[in-house]
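Asks: Attaching a single structure in structure tokens format; questions to follow.
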Amino acid sequence: MAKKIPLRQCIGCRESKPKNELIRIIRTPENDICFDKTGRMNGRGAYICPSELCLDKAIKSKGIERALNCEIPDEIFEMLRGVDLIDAK
């Protein structure tokens, strides 16, 4: 029997994709926002496609803030935009 591939929904484009194709953004217990490259860090997580377009959609619709249950300052969004999403994987 084939192994089941876990799916997650992108908070930008709202499409379900395999978990290993998405990037996880987390809010740590210390309330820091960062990319989780391993997929195993502690904290509340949200998944996003590795594209600038999906990140912009998630920021505009406040999808990241809803998913992480916190207000996110503009400096954090600028930091997230500054990271090369494809290399963050």
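Ordered as shown in the structure tokens, chains take letters A, B, and onward, while each chain numbers its residues from 1 and ligands are numbered from 1 in the order shown.
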Restrict the calculation to only C-alpha atoms, then for each residue of stretch 26-80 of chain A with any atom at most 8 Å from an atom of stretch 9-17 of chain A give the closest atom pair and their distance in Å to one decimal, rows by chain and rising residue number, as JSON lines.
Replies:
{"residue": "A:Ala46", "atom": "CA", "partner": "A:Ile11", "partner_atom": "CA", "distance": 7.0}
{"residue": "A:Tyr47", "atom": "CA", "partner": "A:Cys10", "partner_atom": "CA", "distance": 5.2}
{"residue": "A:Ile48", "atom": "CA", "partner": "A:Cys10", "partner_atom": "CA", "distance": 4.5}
{"residue": "A:Cys49", "atom": "CA", "partner": "A:Cys10", "partner_atom": "CA", "distance": 6.0}
{"residue": "A:Leu53", "atom": "CA", "partner": "A:Gly12", "partner_atom": "CA", "distance": 7.9}
{"residue": "A:Cys54", "atom": "CA", "partner": "A:Gly12", "partner_atom": "CA", "distance": 4.3}
{"residue": "A:Leu55", "atom": "CA", "partner": "A:Gly12", "partner_atom": "CA", "distance": 6.0}
{"residue": "A:Asp56", "atom": "CA", "partner": "A:Gly12", "partner_atom": "CA", "distance": 7.4}
{"residue": "A:Lys57", "atom": "CA", "partner": "A:Gly12", "partner_atom": "CA", "distance": 5.0}
{"residue": "A:Ala58", "atom": "CA", "partner": "A:Gly12", "partner_atom": "CA", "distance": 4.3}
{"residue": "A:Ile59", "atom": "CA", "partner": "A:Gly12", "partner_atom": "CA", "distance": 8.0}
{"residue": "A:Gly63", "atom": "CA", "partner": "A:Ile11", "partner_atom": "CA", "distance": 5.8}
{"residue": "A:Ile64", "atom": "CA", "partner": "A:Ile11", "partner_atom": "CA", "distance": 6.9}
{"residue": "A:Ala67", "atom": "CA", "partner": "A:Ile11", "partner_atom": "CA", "distance": 7.8}
Asks: Emit the selected residues as a PDB file, in the first residue's frame, including C-alpha atoms.
Replies:
ATOM      1  CA  ALA A  46       1.009  28.124   8.793  1.00  0.00           C
ATOM      2  CA  TYR A  47       2.001  26.968   5.332  1.00  0.00           C
ATOM      3  CA  ILE A  48       2.661  29.064   2.238  1.00  0.00           C
ATOM      4  CA  CYS A  49       3.777  28.389  -1.341  1.00  0.00           C
ATOM      5  CA  LEU A  53       2.663  36.265  -5.046  1.00  0.00           C
ATOM      6  CA  CYS A  54       1.261  33.943  -2.357  1.00  0.00           C
ATOM      7  CA  LEU A  55       3.122  35.845   0.369  1.00  0.00           C
ATOM      8  CA  ASP A  56       1.632  39.126  -0.883  1.00  0.00           C
ATOM      9  CA  LYS A  57      -1.875  37.621  -0.947  1.00  0.00           C
ATOM     10  CA  ALA A  58      -1.475  36.256   2.584  1.00  0.00           C
ATOM     11  CA  ILE A  59      -0.280  39.623   3.888  1.00  0.00           C
ATOM     12  CA  GLY A  63      -4.143  35.343   6.424  1.00  0.00           C
ATOM     13  CA  ILE A  64      -0.819  35.082   8.248  1.00  0.00           C
ATOM     14  CA  ALA A  67      -3.346  31.606  11.064  1.00  0.00           C
TER      15      ALA A  67
END
Asks: Can you list, as number ranges by chain, every residue of chain A that DSSP puts in helix (DSSP H, G or I)?
Replies: A: 19-21, 52-60, 63-68, 74-82
Asks: For A:Ile26, work out the shell of residues within 7 Å, counting only C-alpha atoms and skipping chain neighbours fewer than 4 positions away, then give it as a list in words.
Replies: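 Non-adjacent residues within range: Ile33, Cys34, Phe35, Asp36, Gly43, Arg44, Gly45 and Ala46 of chain A.
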Asks: Per DSSP on the backbone, what are the strand (DSSP E) residues of chain A, as a PDB file with C-alpha atoms, in the first residue's frame?
Replies:
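Writing the result to part_32.pdb gives the following:
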ATOM      1  CA  LEU A   7      -1.537  17.828   2.343  1.00  0.00           C
ATOM      2  CA  ARG A   8      -1.580  21.366   3.708  1.00  0.00           C
ATOM      3  CA  GLN A   9      -3.402  24.477   2.499  1.00  0.00           C
ATOM      4  CA  SER A  16      -4.008  22.181  -0.988  1.00  0.00           C
ATOM      5  CA  LYS A  17      -0.559  20.898  -1.871  1.00  0.00           C
ATOM      6  CA  PRO A  18       1.822  18.258  -0.524  1.00  0.00           C
ATOM      7  CA  ILE A  23       7.142  26.533   3.494  1.00  0.00           C
ATOM      8  CA  ARG A  24       6.097  26.701   7.142  1.00  0.00           C
ATOM      9  CA  ILE A  25       5.912  30.051   8.938  1.00  0.00           C
ATOM     10  CA  ILE A  26       5.704  29.775  12.717  1.00  0.00           C
ATOM     11  CA  ARG A  27       5.035  31.840  15.812  1.00  0.00           C
ATOM     12  CA  ILE A  33       7.846  34.956  13.639  1.00  0.00           C
ATOM     13  CA  CYS A  34      10.192  32.943  11.416  1.00  0.00           C
ATOM     14  CA  PHE A  35      10.423  30.320   8.689  1.00  0.00           C
ATOM     15  CA  ASP A  36      10.632  26.734   9.905  1.00  0.00           C
ATOM     16  CA  ARG A  44       1.892  27.634  15.857  1.00  0.00           C
ATOM     17  CA  GLY A  45       2.446  27.154  12.148  1.00  0.00           C
ATOM     18  CA  ALA A  46       1.009  28.124   8.793  1.00  0.00           C
ATOM     19  CA  TYR A  47       2.001  26.968   5.332  1.00  0.00           C
ATOM     20  CA  ILE A  48       2.661  29.064   2.238  1.00  0.00           C
TER      21      ILE A  48
END
Asks: Go ahead and compute the interatomic distance for atom CA of A:Gly82 and atom CA of A:Glu65, in Å to one decimal.
Replies: 18.3 Å
Asks: In Å, with one decimal, what is the gap from atom CA of A:Thr28 to atom CA of A:Asn42?
Replies: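 Separation between atom CA of A:Thr28 and atom CA of A:Asn42: 6.3 Å.
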Asks: One decimal, in Å: what's the spacing between atom CA of A:Gly39 and atom CA of A:Glu75?
Replies: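 Calculated distance between atom CA of A:Gly39 and atom CA of A:Glu75 is 23.5 Å.
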